[in-house]
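Written out below as structure tokens is the structure these notes cover.
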Amino acid sequence: MSETSRQQVVADLTIAAPLETVWTALRDPTRIDAWFGWDAPTLADEIKFIFVDHASGDEANKVIRFGEWDGIAETIELATVAAGTRLRLLRAGGPALDWVNVYDDIAQGWVTFFQQLRLALERHSDQPRRTIFLSGPSQAGIGAASVELGLDRLSALSPGVAYSAALATGDHVSGQVWHRTHFQTAVTVDQWGDGLLVVTDKGPSPERPHGAGSVLLTTYGLPDAEFAGLQAHWTQWWNARYPKAAE
């Protein structure tokens, strides 16, 4: 099979919501804003670029096709299943994805975003979120973000299992293991309004010899002061270990 004809599954998950609800959440920019990416001045422009300017929807078949980039074309397919709606993101073209040895920013990003969509539709219908996103390369002697935070202790727990943990940031959190890939660990957090913590370990590369990582905190209903405090102490903890490179 040629590089351009290969089709790979980037994401495959079931969302406990009706097909039409999931379709609307993927096609209406005001609904996409409730789950895609994270709070940033550029978020609305990114949504327009990806989901409006460079995507077409086949409503009858519940298929969304994205514009081609670097010889790669991606497609979302939705189907009704017993537990709700099955969402699959398929990629045609490009090199084979390596889900263990090579971190792929776009593929892992889609996995994260669709899990955020699942959380939003299953638990937070029409409820606004606030997010904190932190990323950067590791300093020498600093391990993977999941290990530094203490989430590696949850590695034996399957998605859906309850957990309770004291994180290295000083937060005591509890909820459920939400999803896991080789590079990602995600847990719901009761203390953040049934929010979500996604920790990504990107591993070393020529550009980041000591590795790199990111955290995405999704919160619901936190008072302004509590959210500001959460953002301040996570940012301080993170920047001491994974500082952004000077521009």
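Chain lettering (A, B, ...) mirrors the order of the structure tokens, residue numbering begins at 1 for each chain separately, and ligand numbering begins at 1 in order of display.
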
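Every protein or nucleic acid residue with an atom no more than 8 Å from stretch 231-240 of chain A, counting only C-alpha atoms and leaving out same-chain residues fewer than 4 positions away, appears here: A:Ile132, A:Leu134, A:Thr169, A:Phe227, A:Lys244.
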
Could you write those residues out with N, CA, C and O atoms, as a short mmCIF file (atom, residue, chain, number, x, y, z; two decimals), in the first residue's frame?
```
data_model
loop_
_atom_site.label_atom_id
_atom_site.label_comp_id
_atom_site.auth_asym_id
_atom_site.auth_seq_id
_atom_site.Cartn_x
_atom_site.Cartn_y
_atom_site.Cartn_z
N ILE A 132 -6.49 25.64 31.49
CA ILE A 132 -5.11 26.06 31.71
C ILE A 132 -4.24 25.10 30.91
O ILE A 132 -4.33 23.88 31.08
N LEU A 134 -0.23 24.28 29.78
CA LEU A 134 1.18 24.54 30.02
C LEU A 134 2.00 23.50 29.28
O LEU A 134 1.65 22.31 29.27
N THR A 169 2.01 18.99 42.87
CA THR A 169 1.67 20.42 42.91
C THR A 169 1.05 20.81 44.25
O THR A 169 0.88 22.00 44.52
N PHE A 227 -10.03 29.72 40.50
CA PHE A 227 -9.40 29.42 39.21
C PHE A 227 -8.06 30.14 39.09
O PHE A 227 -7.07 29.56 38.64
N LYS A 244 9.69 27.33 29.13
CA LYS A 244 9.67 27.58 27.69
C LYS A 244 11.02 28.14 27.25
O LYS A 244 11.68 28.85 27.99
#
```

Long-range neighbours of A:Val215 as a VMD selection string, 10 Å cut-off, only C-alpha atoms, 4 positions minimum in chain = chain A and resid 132 to 136 145 to 146 184 to 186 197 to 201 234 238

Using only C-alpha atoms, what does the table of stretch 2-48 of chain A residues within 10 Å of stretch 106-119 of chain A look like, with each row giving the shortest atom pair and its distance in Å to one decimal, sorted by chain and ascending number, as JSON lines?
```
{"residue": "A:Val9", "atom": "CA", "partner": "A:Ala107", "partner_atom": "CA", "distance": 9.7}
{"residue": "A:Val10", "atom": "CA", "partner": "A:Ala107", "partner_atom": "CA", "distance": 6.0}
{"residue": "A:Ala11", "atom": "CA", "partner": "A:Val111", "partner_atom": "CA", "distance": 5.8}
{"residue": "A:Asp12", "atom": "CA", "partner": "A:Val111", "partner_atom": "CA", "distance": 8.6}
{"residue": "A:Leu13", "atom": "CA", "partner": "A:Phe114", "partner_atom": "CA", "distance": 8.2}
{"residue": "A:Thr14", "atom": "CA", "partner": "A:Arg118", "partner_atom": "CA", "distance": 8.1}
{"residue": "A:Ile15", "atom": "CA", "partner": "A:Arg118", "partner_atom": "CA", "distance": 5.5}
{"residue": "A:Ala16", "atom": "CA", "partner": "A:Arg118", "partner_atom": "CA", "distance": 7.6}
{"residue": "A:Ala17", "atom": "CA", "partner": "A:Arg118", "partner_atom": "CA", "distance": 8.5}
{"residue": "A:Val22", "atom": "CA", "partner": "A:Leu117", "partner_atom": "CA", "distance": 8.6}
{"residue": "A:Ala25", "atom": "CA", "partner": "A:Leu117", "partner_atom": "CA", "distance": 8.0}
{"residue": "A:Leu26", "atom": "CA", "partner": "A:Leu117", "partner_atom": "CA", "distance": 9.0}
{"residue": "A:Arg31", "atom": "CA", "partner": "A:Leu117", "partner_atom": "CA", "distance": 9.8}
{"residue": "A:Ile32", "atom": "CA", "partner": "A:Leu117", "partner_atom": "CA", "distance": 8.4}
{"residue": "A:Ala34", "atom": "CA", "partner": "A:Leu117", "partner_atom": "CA", "distance": 8.0}
{"residue": "A:Trp35", "atom": "CA", "partner": "A:Leu117", "partner_atom": "CA", "distance": 5.1}
{"residue": "A:Phe36", "atom": "CA", "partner": "A:Phe113", "partner_atom": "CA", "distance": 5.5}
{"residue": "A:Gly37", "atom": "CA", "partner": "A:Phe113", "partner_atom": "CA", "distance": 6.3}
{"residue": "A:Trp38", "atom": "CA", "partner": "A:Phe113", "partner_atom": "CA", "distance": 9.2}
```

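Counting only C-alpha atoms, A:Gly143 has the following residues at most 10 Å away, ignoring those fewer than 4 positions along the same chain: Ser138, Gln139, Val147, Glu148, Leu149, Asp201, Gly203, His210, Gly211, Ala212, Gly213, Arg241 and Tyr242 of chain A.
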
Just asking: which residues within stretch 34-130 of chain A are strand (DSSP E or B) according to DSSP, as a PyMOL selection string?
-> chain A and resi 55-58+63-66+69+72-81+84-92+130

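Atom to atom, atom CA of A:Arg6 and atom CA of A:Val100 stand 19.2 Å apart.
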
Please identify all polymer residues within 6 Å of stretch 48-63 of chain A, counting only C-alpha atoms, omitting same-chain residues fewer than 6 positions from it, and present them as an NGL selection string.
-> :A and (76-78)

Preceding selection exported with N, CA and C atoms as a PDB file, in the first residue's frame:
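Dumped to out-v8.pdb:
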```pdb
ATOM      1  N   ILE A  76     -13.607  12.470   9.699  1.00  0.00           N
ATOM      2  CA  ILE A  76     -14.358  12.006  10.869  1.00  0.00           C
ATOM      3  C   ILE A  76     -15.589  11.251  10.379  1.00  0.00           C
ATOM      4  N   GLU A  77     -15.812  10.079  10.942  1.00  0.00           N
ATOM      5  CA  GLU A  77     -17.001   9.287  10.654  1.00  0.00           C
ATOM      6  C   GLU A  77     -17.766   9.056  11.951  1.00  0.00           C
ATOM      7  N   LEU A  78     -19.068   9.288  11.923  1.00  0.00           N
ATOM      8  CA  LEU A  78     -19.923   9.035  13.076  1.00  0.00           C
ATOM      9  C   LEU A  78     -20.914   7.924  12.746  1.00  0.00           C
TER      10      LEU A  78
END
```

Could you name the residues that touch stretch 150-162 of chain A at 7 Å or less, counting only C-alpha atoms, but leaving out those on the same chain fewer than 2 positions away, as JSON, numbers by chain?
-> {"A": [146, 147, 148, 167, 168, 175, 176, 177, 178, 179]}

Spatial neighbours of A:Ser164, max dist 8 Å, only C-alpha atoms, sep filter under 6 positions, as a short mmCIF file (atom, residue, chain, number, x, y, z; two decimals) with N, CA, C and O atoms, in the first residue's frame:
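Below you can see selection17.cif, which holds the result:
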```cif
data_model
loop_
_atom_site.label_atom_id
_atom_site.label_comp_id
_atom_site.auth_asym_id
_atom_site.auth_seq_id
_atom_site.Cartn_x
_atom_site.Cartn_y
_atom_site.Cartn_z
N HIS A 172 -4.86 17.76 46.02
CA HIS A 172 -5.44 16.45 46.30
C HIS A 172 -6.64 16.28 45.39
O HIS A 172 -7.61 17.05 45.48
N VAL A 173 -6.58 15.32 44.49
CA VAL A 173 -7.59 15.17 43.45
C VAL A 173 -8.18 13.77 43.48
O VAL A 173 -7.55 12.81 43.93
N SER A 174 -9.40 13.68 42.97
CA SER A 174 -10.07 12.38 42.87
C SER A 174 -11.04 12.43 41.71
O SER A 174 -11.45 13.49 41.24
N GLY A 175 -11.41 11.26 41.25
CA GLY A 175 -12.34 11.16 40.13
C GLY A 175 -12.22 9.79 39.50
O GLY A 175 -12.15 8.78 40.20
#
```

Run DSSP on the backbone and grab whatever in stretch 123-241 of chain A lands in helix (DSSP H, G or I); send it over as a ChimeraX atom specification.
-> /A:123,145-149,151-154,190-192,224-239

Would you kindly return, as a ChimeraX atom specification, each protein, DNA or RNA residue with an atom no farther than 9 Å from any atom of A:Ile72, considering only C-alpha atoms and excluding same-chain residues fewer than 6 positions away?
-> /A:4,91-94

Restricting it to C-alpha atoms, dump the selection as a short mmCIF file (atom, residue, chain, number, x, y, z; two decimals), in the first residue's frame.
```
data_model
loop_
_atom_site.label_atom_id
_atom_site.label_comp_id
_atom_site.auth_asym_id
_atom_site.auth_seq_id
_atom_site.Cartn_x
_atom_site.Cartn_y
_atom_site.Cartn_z
CA THR A 4 -0.85 8.22 -0.08
CA ARG A 91 -6.03 9.51 8.19
CA ALA A 92 -5.12 8.82 4.56
CA GLY A 93 -1.57 9.38 3.40
CA GLY A 94 1.54 10.25 5.33
#
```
